[in-house]
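Shown next, in structure tokens, is the structure this report addresses.
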Amino acid sequence: MGEGEGVGGGRRASDRGRNKSAAGGALGIWGAASGSGGGAAAEGTRMSVDRLLAQEFNDGIPAGLAAGTRVAHKTGEITGISHDAAVIYPPGRKPYVLVILTKGYADRKDAMRLMADVSRMIFEAVGSPR
């Protein structure tokens with residue numbers, strides 16, 4: 001692939017007449033595999049997780065977590081649709097997977113606020129130290 005080219009020759013799937021979708025279960029499996037090395041070489045898995053830990057769009061799932069909580073996540077957006085799939089590493093607890101898929105929000109901020117709120121509720125229930 002040349003510079004600026006993505007899968008499919010650098011054009012978004014929607015620009016090529018394709019409607020990409022994702023199932024929460026499939027993304028959850030991806031997240032668990034990314035965190036545990038499921039089938040991938042250990043070095044490749046470590047590099048993938050490191051890249052996901054460096055994600056810069058953190059106004060979804062990470063916004064609902066306690067400060068300092070490590071989160072390896074992948075976001076995706078297209079008009080009216082926002083997703084975030086994460087492996088969350090709470091201090092003193094086992095990591096867990098959280099996948100949030102939204103559709104129909106005219107304002108991206110509303111979708112991000114919902115993701116942060118759901119993330120906070122889950123973190124408080126299973127991720128905070130006991």
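Chain labels run A, B, ... following the order of the structure tokens; each chain numbers its residues from 1, and ligands are numbered from 1 in the order shown.
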- [ ] Pick out the residues sitting within 12 Å of Val118 of chain A, and hand them over as a list of chain:residue names; count only C-alpha atoms, and ignore anything fewer than 3 positions along from it in its own chain.
- [x] A:Gly60, A:Ile61, A:Pro62, A:Ala63, A:Gly64, A:Leu65, A:Asp84, A:Leu98, A:Val99, A:Ile100, A:Leu101, A:Thr102, A:Ala111, A:Met112, A:Arg113, A:Leu114, A:Met115, A:Met121, A:Ile122, A:Phe123, A:Glu124, A:Ala125
Task: Test item: residues at most 10 Å from Glu56 of chain A, only C-alpha atoms, excluding those fewer than 4 positions along its chain, as a list of chain:residue names - done: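 So the residues in contact are A:Leu52, A:His73, A:Lys74, A:Thr75.
The two atoms in question, atom CA of Thr69 of chain A and atom CA of Pro91 of chain A, are spaced 6.6 Å apart.
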Task: Counting only C-alpha atoms, the option among A:Arg93, A:Val87, A:Ser82, A:Asp117 closest to Tyr105 of chain A - done: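 Among the listed residues, the smallest separation from Tyr105 of chain A belongs to A:Ser82.
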TODO: Counting only C-alpha atoms, figure out which residue out of A:Ala116, A:Arg108, A:Ile88, A:Val49 gets nearest to Gly68 of chain A.
DONE: A:Ile88
Task: Selection: 6 Å around segment 76-80 of chain A, only C-alpha atoms, excl. self and same-chain fewer than 6 positions, as a PyMOL selection string - done: chain A and resi 103-106
Task: Counting only C-alpha atoms, the residue of A:Gly92, A:Val71, A:Asp107, A:Val126 that sits nearest Phe57 of chain A - done: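 Smallest separation from Phe57 of chain A among the options: A:Val71.
For the atom pair formed by atom CA of Arg120 of chain A and atom CA of Pro90 of chain A, the distance is 12.1 Å, given to one decimal.
Separating atom CA of Tyr89 of chain A from atom CA of Asp110 of chain A is a distance of 25.4 Å.
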